[in-house]
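Some notes on the structure that comes next.
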Amino acid sequence: MTIGKVIIEADGGARGNPGPAGYGAVVRDPASGEVLAERAAALGVATNNVAEYRGLIAGLEAAAELGASQVEARMDSKLVVEQMSGRWQIKHPGLRPLAAEVATLVRKFDQVTYTWIPRERNRAADALANAAMDAAARGGAVAEEGTTALGIVTAWDSDAYPGIAEADGAAGLSATVTSAGRKAEAAASARPREDWAPRTSPATRLVLVRHGETALTAQKRYSGRGDVPLSAIGEEQAAAAGRRVAGLRPDRVVTSPLSRCRATGAAIAAAAGGIPVGVEADLIECDFGVWEGLTFSDVREQYPAELDAWLASTSVAPPKGESFQQVAKRVRGAMGRLQKAYEGQTVVIVSHVSPIKLILRDALAAGDAFLYRLLLDPAGISIVDVWPDGGISVRSVNDTAHLLPRP
């Protein structure tokens, strides 16, 4: 079920920083203000920033369970809002895993935006967080990983906001471990463990290849849905990629529908002994709209405000184009279908910069800043192994050893 847009109000805090910590999150209907879900938990001893991130994570999880397609996350934490909007770097190593967890949750929605609000406008979430901190200060039970003490609260009356942080309300909160909370703990224990243990089942190997060079590639112009053919150099690069990939003994090639990818895929298939070639429509490049064929400088001059907004958020699309969040959604669908259809095989996926970057971002559980820091050369090769239990191993990124040095 999809309910459209929701508003998340999230907060967290610690008594001492670090100290007894807790978070609260409220999910509202944006039109009526009706409370759709509430969550709160004590965290044991943690910092303010960790608690604030945990509040955002809890709110996003609740919104996903409600089936929301769009989210506006409102917080009085300037740090979390700026970091998750991509404007501030995440320098503290302790916050990076939490930011990665947020980034993973964000991919469940069509659009997520972040808004800073003053504390007085975040009173509901602040009250929940304070009640959770009270419980933590009294030594409420904390789970093994130190991540939850109270479970998930989903049925509090919105009229209880004014008194939620009072002693009686806090005591009630500390004693509340709902069935939803137990289900969440069970689900967490059922998730694949992230460890170094070797797996016994065969992996599906995804060999990600960017197409060879085109005239627009060489001129560093936006090249999205326009069907631009490979240049002479691009054809040489495709042949070289084919010789390199043939050594991996691929079972098949799947390409974007655009000719630059189909030509690259055909060269790889031929080098690998004539293996089958298929086309997956959702591997097509991002639609850059009116920016198609322009250079970055052209766009900066002609569309400065639109460019700034696009660079600031993956939810923003170029004029008449497609956002990276929209690209990610269709590419994830394509990857799911391919992994299911060719489980245990080696599949060469020939696509474009944006889809391959998004696949690698997801594989590495990285944030959106990854998209702007990763370089993918024409005919560069990346390799990702995926196991049926959800395990992922990124073996290489943008390997270009098979290509001749460019002057």
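We label chains A, B, ... in the order they appear in the structure tokens, count residues from 1 in each chain, and number ligands from 1 in the order shown.
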Excluding Tyr222 of chain A and residues on its chain fewer than 5 positions from it, collect all residues at most 10 Å away from it, counting only C-alpha atoms, and give them as a list in words.
->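 Those residues are Leu216, Thr217, Cys286, Asp287, Phe288, Gly289, Val290, Trp291, Glu292, Gly293, Leu294, Thr295, Phe296 and Val299 of chain A.
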Go ahead and save the residues from that selection, with C-alpha atoms, as a PDB file, in the first residue's frame.
ATOM      1  CA  LEU A 216      29.962  13.378 -26.454  1.00  0.00           C
ATOM      2  CA  THR A 217      32.057  11.451 -23.933  1.00  0.00           C
ATOM      3  CA  CYS A 286      19.691   8.999 -16.612  1.00  0.00           C
ATOM      4  CA  ASP A 287      17.479  11.339 -18.601  1.00  0.00           C
ATOM      5  CA  PHE A 288      19.289  14.683 -18.400  1.00  0.00           C
ATOM      6  CA  GLY A 289      16.373  16.536 -19.989  1.00  0.00           C
ATOM      7  CA  VAL A 290      17.241  19.937 -21.441  1.00  0.00           C
ATOM      8  CA  TRP A 291      20.886  19.486 -20.374  1.00  0.00           C
ATOM      9  CA  GLU A 292      21.431  16.742 -22.965  1.00  0.00           C
ATOM     10  CA  GLY A 293      24.460  17.574 -25.130  1.00  0.00           C
ATOM     11  CA  LEU A 294      25.563  20.518 -22.956  1.00  0.00           C
ATOM     12  CA  THR A 295      28.844  20.775 -21.060  1.00  0.00           C
ATOM     13  CA  PHE A 296      28.962  21.369 -17.318  1.00  0.00           C
ATOM     14  CA  VAL A 299      24.686  24.207 -17.620  1.00  0.00           C
TER      15      VAL A 299
END
Could you give me the residues within segment 35-128 of chain A that DSSP places in strand (DSSP E), as a list of chain:residue names?
->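 Those in segment 35-128 of chain A that DSSP calls strand (DSSP E) are A:Val35, A:Leu36, A:Ala37, A:Glu38, A:Arg39, A:Ala40, A:Ala41, A:Ala42, A:Leu43, A:Gly44, A:Val45, A:Ala46, A:Ala68, A:Ser69, A:Gln70, A:Val71, A:Glu72, A:Ala73, A:Arg74, A:Met75, A:Gln111, A:Val112, A:Thr113, A:Tyr114, A:Thr115, A:Trp116.
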Check the smallest atom-to-atom distance from each of A:Gln219, A:Thr115, A:Asn17, A:Thr47 to Met75 of chain A using only C-alpha atoms, then report the winner.
->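 Nearest to Met75 of chain A: A:Thr115.
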Any idea what's packed within 12 Å of Gln89 of chain A, counting only C-alpha atoms, ignoring anything in its chain fewer than 4 positions away? Could you give it as a list of chain:residue names?
->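 Selected residues are A:Leu79, A:Val80, A:Val81, A:Glu82, A:Gln83, A:Met84, A:Ser85, A:Pro93, A:Leu95, A:Arg96, A:Ala99, A:Gly367, A:Asp368, A:Ala369, A:Phe370.
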As a list in words, list the residues of segment 249-283 of chain A assigned to alpha helix (DSSP H) by DSSP on the backbone atoms of this structure.
->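 Across segment 249-283 of chain A, those assigned alpha helix (DSSP H) are Ser259, Arg260, Cys261, Arg262, Ala263, Thr264, Gly265, Ala266, Ala267, Ile268, Ala269, Ala270 and Ala271 of chain A.
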For N, CA and C atoms, I'd like the residues from the last selection saved as a PDB file, in the first residue's frame.
ATOM      1  N   SER A 259      22.594   2.290 -28.366  1.00  0.00           N
ATOM      2  CA  SER A 259      23.528   1.636 -29.288  1.00  0.00           C
ATOM      3  C   SER A 259      24.958   1.606 -28.771  1.00  0.00           C
ATOM      4  N   ARG A 260      25.375   2.604 -27.996  1.00  0.00           N
ATOM      5  CA  ARG A 260      26.755   2.599 -27.500  1.00  0.00           C
ATOM      6  C   ARG A 260      26.995   1.441 -26.536  1.00  0.00           C
ATOM      7  N   CYS A 261      25.949   1.052 -25.808  1.00  0.00           N
ATOM      8  CA  CYS A 261      26.064  -0.106 -24.915  1.00  0.00           C
ATOM      9  C   CYS A 261      25.891  -1.417 -25.678  1.00  0.00           C
ATOM     10  N   ARG A 262      24.967  -1.434 -26.616  1.00  0.00           N
ATOM     11  CA  ARG A 262      24.764  -2.665 -27.385  1.00  0.00           C
ATOM     12  C   ARG A 262      26.006  -3.013 -28.205  1.00  0.00           C
ATOM     13  N   ALA A 263      26.673  -2.001 -28.759  1.00  0.00           N
ATOM     14  CA  ALA A 263      27.898  -2.256 -29.526  1.00  0.00           C
ATOM     15  C   ALA A 263      29.019  -2.752 -28.605  1.00  0.00           C
ATOM     16  N   THR A 264      29.133  -2.145 -27.434  1.00  0.00           N
ATOM     17  CA  THR A 264      30.136  -2.603 -26.470  1.00  0.00           C
ATOM     18  C   THR A 264      29.835  -4.027 -26.028  1.00  0.00           C
ATOM     19  N   GLY A 265      28.560  -4.309 -25.767  1.00  0.00           N
ATOM     20  CA  GLY A 265      28.168  -5.657 -25.363  1.00  0.00           C
ATOM     21  C   GLY A 265      28.419  -6.685 -26.441  1.00  0.00           C
ATOM     22  N   ALA A 266      28.176  -6.310 -27.694  1.00  0.00           N
ATOM     23  CA  ALA A 266      28.418  -7.249 -28.797  1.00  0.00           C
ATOM     24  C   ALA A 266      29.902  -7.591 -28.910  1.00  0.00           C
ATOM     25  N   ALA A 267      30.759  -6.597 -28.708  1.00  0.00           N
ATOM     26  CA  ALA A 267      32.205  -6.848 -28.766  1.00  0.00           C
ATOM     27  C   ALA A 267      32.633  -7.785 -27.641  1.00  0.00           C
ATOM     28  N   ILE A 268      32.067  -7.605 -26.462  1.00  0.00           N
ATOM     29  CA  ILE A 268      32.403  -8.477 -25.332  1.00  0.00           C
ATOM     30  C   ILE A 268      31.897  -9.896 -25.584  1.00  0.00           C
ATOM     31  N   ALA A 269      30.663 -10.015 -26.077  1.00  0.00           N
ATOM     32  CA  ALA A 269      30.096 -11.335 -26.345  1.00  0.00           C
ATOM     33  C   ALA A 269      30.911 -12.089 -27.391  1.00  0.00           C
ATOM     34  N   ALA A 270      31.350 -11.370 -28.433  1.00  0.00           N
ATOM     35  CA  ALA A 270      32.153 -12.005 -29.476  1.00  0.00           C
ATOM     36  C   ALA A 270      33.484 -12.500 -28.923  1.00  0.00           C
ATOM     37  N   ALA A 271      34.133 -11.674 -28.104  1.00  0.00           N
ATOM     38  CA  ALA A 271      35.424 -12.055 -27.525  1.00  0.00           C
ATOM     39  C   ALA A 271      35.279 -13.246 -26.584  1.00  0.00           C
TER      40      ALA A 271
END
Could you work out how far atom CA of Ala281 of chain A lies from atom CA of Val350 of chain A, giving the answer in Å with one decimal?
->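 So the answer is 11.6 Å.
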Excluding same-chain residues fewer than 5 positions from Ser354 of chain A, what lies within 8 Å of it counting only C-alpha atoms, as an NGL selection string?
-> :A and (285-286 or 324 or 327)
Selection file, C-alpha atoms, as a compact mmCIF listing (two decimals), in the first residue's frame:
# COMPACT_ATOMS: atom_id res chain seq x y z
CA GLU A 285 21.27 6.21 -18.65
CA CYS A 286 19.69 9.00 -16.61
CA PHE A 324 19.10 9.98 -9.46
CA VAL A 327 17.23 6.11 -11.75
Which of these, A:Gly273, A:Pro202, A:Pro118, A:Gly94, has the shortest distance to Val50 of chain A once you count only C-alpha atoms?
->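 Once distances to Val50 of chain A are computed over only C-alpha atoms, the minimum belongs to A:Gly94.
Of note, atom CA of Met133 of chain A and atom CA of Ala21 of chain A are spaced 4.9 Å apart.
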Segment 57-63 of chain A surroundings by only C-alpha atoms, 10 Å radius, close-in-sequence under 2 positions cut, as a VMD selection string | chain A and resid 3 5 to 11 23 to 28 36 to 41 51 to 55 65 to 73 98 to 99 101 to 106 108 to 109 112 152 154
Keeping N, CA and C atoms for every residue in the selection just given, could you write it to a file as a CSV table (one decimal), in the first residue's frame?
chain,number,residue,atom,x,y,z
A,3,ILE,N,0.9,5.4,0.6
A,3,ILE,CA,0.1,6.5,1.1
A,3,ILE,C,0.6,7.9,0.7
A,5,LYS,N,2.9,11.1,0.5
A,5,LYS,CA,3.9,11.8,1.3
A,5,LYS,C,3.6,11.8,2.8
A,6,VAL,N,4.6,11.7,3.6
A,6,VAL,CA,4.5,11.8,5.0
A,6,VAL,C,5.5,12.8,5.5
A,7,ILE,N,5.3,13.3,6.7
A,7,ILE,CA,6.3,14.1,7.4
A,7,ILE,C,6.9,13.4,8.6
A,8,ILE,N,8.2,13.3,8.7
A,8,ILE,CA,8.8,12.7,9.9
A,8,ILE,C,9.3,13.9,10.8
A,9,GLU,N,9.0,13.9,12.1
A,9,GLU,CA,9.6,14.7,13.0
A,9,GLU,C,10.5,13.9,13.9
A,10,ALA,N,11.8,14.1,14.0
A,10,ALA,CA,12.7,13.2,14.7
A,10,ALA,C,13.6,14.0,15.6
A,11,ASP,N,14.0,13.4,16.7
A,11,ASP,CA,14.9,14.0,17.6
A,11,ASP,C,15.6,13.0,18.5
A,23,TYR,N,15.8,8.4,21.8
A,23,TYR,CA,15.3,9.1,20.6
A,23,TYR,C,13.8,9.0,20.5
A,24,GLY,N,13.3,9.9,19.7
A,24,GLY,CA,11.8,9.8,19.4
A,24,GLY,C,11.6,10.2,18.0
A,25,ALA,N,10.5,9.7,17.4
A,25,ALA,CA,10.2,10.0,16.0
A,25,ALA,C,8.7,9.9,15.9
A,26,VAL,N,8.1,10.9,15.1
A,26,VAL,CA,6.7,11.0,14.9
A,26,VAL,C,6.5,11.1,13.4
A,27,VAL,N,5.6,10.3,12.8
A,27,VAL,CA,5.2,10.3,11.4
A,27,VAL,C,3.8,10.9,11.3
A,28,ARG,N,3.7,11.9,10.5
A,28,ARG,CA,2.4,12.7,10.4
A,28,ARG,C,1.9,12.7,8.9
A,36,LEU,N,0.5,9.3,12.4
A,36,LEU,CA,0.3,8.0,11.8
A,36,LEU,C,1.2,6.9,12.5
A,37,ALA,N,2.3,7.3,13.1
A,37,ALA,CA,3.1,6.4,13.9
A,37,ALA,C,4.0,7.1,14.8
A,38,GLU,N,4.4,6.5,15.9
A,38,GLU,CA,5.4,7.1,16.9
A,38,GLU,C,6.3,6.0,17.3
A,39,ARG,N,7.6,6.4,17.4
A,39,ARG,CA,8.6,5.5,17.9
A,39,ARG,C,9.5,6.1,18.9
A,40,ALA,N,10.0,5.4,19.8
A,40,ALA,CA,10.9,5.9,20.8
A,40,ALA,C,11.7,4.7,21.4
A,41,ALA,N,13.0,5.0,21.8
A,41,ALA,CA,13.8,4.0,22.5
A,41,ALA,C,14.9,4.6,23.3
A,51,ALA,N,22.1,9.7,18.9
A,51,ALA,CA,20.7,9.6,19.2
A,51,ALA,C,19.9,10.3,18.2
A,52,GLU,N,20.4,11.4,17.7
A,52,GLU,CA,19.6,12.2,16.6
A,52,GLU,C,19.5,11.3,15.4
A,53,TYR,N,20.6,10.7,15.0
A,53,TYR,CA,20.6,9.8,13.8
A,53,TYR,C,19.7,8.7,14.0
A,54,ARG,N,19.7,8.1,15.2
A,54,ARG,CA,18.8,7.0,15.5
A,54,ARG,C,17.3,7.4,15.4
A,55,GLY,N,17.0,8.6,15.8
A,55,GLY,CA,15.7,9.1,15.7
A,55,GLY,C,15.2,9.2,14.2
A,65,GLU,N,7.3,1.3,6.6
A,65,GLU,CA,6.3,0.3,7.0
A,65,GLU,C,4.9,0.8,6.6
A,66,LEU,N,4.7,2.1,6.7
A,66,LEU,CA,3.4,2.7,6.3
A,66,LEU,C,3.2,2.7,4.8
A,67,GLY,N,4.2,2.4,4.0
A,67,GLY,CA,4.1,2.5,2.6
A,67,GLY,C,4.2,3.8,1.9
A,68,ALA,N,4.8,4.8,2.6
A,68,ALA,CA,5.0,6.1,2.1
A,68,ALA,C,5.9,6.1,0.9
A,69,SER,N,5.6,7.0,-0.1
A,69,SER,CA,6.5,7.1,-1.3
A,69,SER,C,7.4,8.3,-1.2
A,70,GLN,N,7.0,9.4,-0.4
A,70,GLN,CA,7.8,10.6,-0.3
A,70,GLN,C,7.8,11.0,1.2
A,71,VAL,N,9.0,11.5,1.6
A,71,VAL,CA,9.2,11.8,3.0
A,71,VAL,C,9.8,13.2,3.1
A,72,GLU,N,9.3,14.0,4.0
A,72,GLU,CA,10.0,15.2,4.4
A,72,GLU,C,10.4,15.0,5.9
A,73,ALA,N,11.7,14.9,6.1
A,73,ALA,CA,12.2,14.7,7.5
A,73,ALA,C,12.6,16.0,8.1
A,98,LEU,N,25.9,5.1,10.7
A,98,LEU,CA,24.5,5.6,10.8
A,98,LEU,C,24.0,6.3,9.6
A,99,ALA,N,24.9,7.1,9.0
A,99,ALA,CA,24.5,7.8,7.8
A,99,ALA,C,24.3,6.8,6.6
A,101,GLU,N,23.2,3.8,7.0
A,101,GLU,CA,21.9,3.2,7.3
A,101,GLU,C,20.8,4.1,6.9
A,102,VAL,N,20.9,5.4,7.1
A,102,VAL,CA,19.9,6.3,6.6
A,102,VAL,C,19.9,6.2,5.1
A,103,ALA,N,21.0,6.2,4.4
A,103,ALA,CA,21.1,6.2,2.9
A,103,ALA,C,20.4,5.0,2.4
A,104,THR,N,20.6,3.8,3.1
A,104,THR,CA,19.9,2.6,2.6
A,104,THR,C,18.4,2.7,2.8
A,105,LEU,N,17.9,3.3,3.8
A,105,LEU,CA,16.5,3.4,4.0
A,105,LEU,C,15.9,4.4,3.0
A,106,VAL,N,16.6,5.5,2.7
A,106,VAL,CA,16.2,6.5,1.8
A,106,VAL,C,15.8,5.9,0.4
A,108,LYS,N,14.3,3.3,-0.2
A,108,LYS,CA,12.9,2.7,-0.2
A,108,LYS,C,11.9,3.7,-0.7
A,109,PHE,N,12.2,5.0,-0.9
A,109,PHE,CA,11.2,6.0,-1.2
A,109,PHE,C,11.6,6.6,-2.6
A,112,VAL,N,13.1,11.9,-0.7
A,112,VAL,CA,13.3,12.2,0.7
A,112,VAL,C,14.0,13.6,0.7
A,152,ILE,N,9.3,-0.7,19.9
A,152,ILE,CA,8.7,0.2,19.0
A,152,ILE,C,7.3,0.6,19.5
A,154,THR,N,3.8,2.3,18.7
A,154,THR,CA,3.0,2.6,17.5
A,154,THR,C,1.6,3.1,17.8
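When only C-alpha atoms are used to measure the gap to Lys78 of chain A, the shortest distance among A:Tyr342, A:Trp116, A:Tyr303, A:Trp387 belongs to A:Trp116.
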Pairwise distance, atom CA of Thr314 of chain A with atom CA of Arg361 of chain A, equals 12.7 Å
Would you kindly return, as a PDB file with N, CA and C atoms, in the first residue's frame, each protein, DNA or RNA residue with an atom no farther than 10 Å from any atom of Leu360 of chain A, considering only C-alpha atoms and excluding same-chain residues fewer than 2 positions away?
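Written output follows (part-v5.pdb):
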ATOM      1  N   LEU A 208      30.382  -5.220 -14.262  1.00  0.00           N
ATOM      2  CA  LEU A 208      29.787  -3.956 -14.690  1.00  0.00           C
ATOM      3  C   LEU A 208      30.748  -3.242 -15.630  1.00  0.00           C
ATOM      4  N   PRO A 355      23.807   4.580 -13.852  1.00  0.00           N
ATOM      5  CA  PRO A 355      23.366   3.287 -13.308  1.00  0.00           C
ATOM      6  C   PRO A 355      24.485   2.512 -12.619  1.00  0.00           C
ATOM      7  N   ILE A 356      25.695   2.514 -13.201  1.00  0.00           N
ATOM      8  CA  ILE A 356      26.784   1.741 -12.591  1.00  0.00           C
ATOM      9  C   ILE A 356      27.191   2.368 -11.257  1.00  0.00           C
ATOM     10  N   LYS A 357      27.271   3.702 -11.191  1.00  0.00           N
ATOM     11  CA  LYS A 357      27.592   4.348  -9.916  1.00  0.00           C
ATOM     12  C   LYS A 357      26.557   3.996  -8.849  1.00  0.00           C
ATOM     13  N   LEU A 358      25.287   3.986  -9.212  1.00  0.00           N
ATOM     14  CA  LEU A 358      24.236   3.692  -8.249  1.00  0.00           C
ATOM     15  C   LEU A 358      24.299   2.241  -7.786  1.00  0.00           C
ATOM     16  N   ASP A 362      25.061   1.220  -3.820  1.00  0.00           N
ATOM     17  CA  ASP A 362      24.261   0.297  -3.031  1.00  0.00           C
ATOM     18  C   ASP A 362      25.109  -0.865  -2.524  1.00  0.00           C
ATOM     19  N   ALA A 363      25.982  -1.383  -3.385  1.00  0.00           N
ATOM     20  CA  ALA A 363      26.807  -2.534  -3.001  1.00  0.00           C
ATOM     21  C   ALA A 363      27.741  -2.189  -1.850  1.00  0.00           C
ATOM     22  N   LEU A 364      28.220  -0.950  -1.821  1.00  0.00           N
ATOM     23  CA  LEU A 364      29.145  -0.521  -0.783  1.00  0.00           C
ATOM     24  C   LEU A 364      28.443   0.125   0.415  1.00  0.00           C
ATOM     25  N   ALA A 365      27.095   0.174   0.383  1.00  0.00           N
ATOM     26  CA  ALA A 365      26.321   0.820   1.439  1.00  0.00           C
ATOM     27  C   ALA A 365      26.835   2.231   1.693  1.00  0.00           C
ATOM     28  N   ALA A 366      27.132   2.951   0.606  1.00  0.00           N
ATOM     29  CA  ALA A 366      27.702   4.296   0.698  1.00  0.00           C
ATOM     30  C   ALA A 366      26.604   5.346   0.638  1.00  0.00           C
ATOM     31  N   PHE A 370      29.131   9.599  -2.505  1.00  0.00           N
ATOM     32  CA  PHE A 370      29.889   8.630  -3.302  1.00  0.00           C
ATOM     33  C   PHE A 370      29.710   8.880  -4.793  1.00  0.00           C
ATOM     34  N   LEU A 371      28.508   9.278  -5.204  1.00  0.00           N
ATOM     35  CA  LEU A 371      28.209   9.455  -6.626  1.00  0.00           C
ATOM     36  C   LEU A 371      29.066  10.541  -7.258  1.00  0.00           C
ATOM     37  N   LEU A 374      33.247   9.254  -7.311  1.00  0.00           N
ATOM     38  CA  LEU A 374      33.688   8.094  -8.077  1.00  0.00           C
ATOM     39  C   LEU A 374      33.832   8.436  -9.555  1.00  0.00           C
ATOM     40  N   SER A 382      34.053  -2.952 -13.389  1.00  0.00           N
ATOM     41  CA  SER A 382      33.902  -3.163 -11.951  1.00  0.00           C
ATOM     42  C   SER A 382      33.256  -4.532 -11.746  1.00  0.00           C
ATOM     43  N   ILE A 383      33.592  -5.193 -10.641  1.00  0.00           N
ATOM     44  CA  ILE A 383      33.091  -6.547 -10.395  1.00  0.00           C
ATOM     45  C   ILE A 383      32.476  -6.618  -9.005  1.00  0.00           C
ATOM     46  N   VAL A 384      31.249  -7.144  -8.949  1.00  0.00           N
ATOM     47  CA  VAL A 384      30.531  -7.315  -7.690  1.00  0.00           C
ATOM     48  C   VAL A 384      30.007  -8.740  -7.616  1.00  0.00           C
ATOM     49  N   VAL A 394      32.420  -6.408  -3.191  1.00  0.00           N
ATOM     50  CA  VAL A 394      32.887  -5.599  -4.316  1.00  0.00           C
ATOM     51  C   VAL A 394      34.355  -5.949  -4.551  1.00  0.00           C
ATOM     52  N   VAL A 397      36.793  -1.901  -8.811  1.00  0.00           N
ATOM     53  CA  VAL A 397      36.044  -0.727  -9.252  1.00  0.00           C
ATOM     54  C   VAL A 397      36.856   0.004 -10.317  1.00  0.00           C
TER      55      VAL A 397
END
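When only C-alpha atoms are used to measure the gap to Leu404 of chain A, the shortest distance among A:Gly234, A:Gly336, A:Gly44, A:Gly247 belongs to A:Gly234.
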Out of A:Ala241, A:Asn48, A:His402, A:Gly86, which residue has the shortest atom-to-atom distance to Ala312 of chain A when counting only C-alpha atoms?
-> A:Gly86
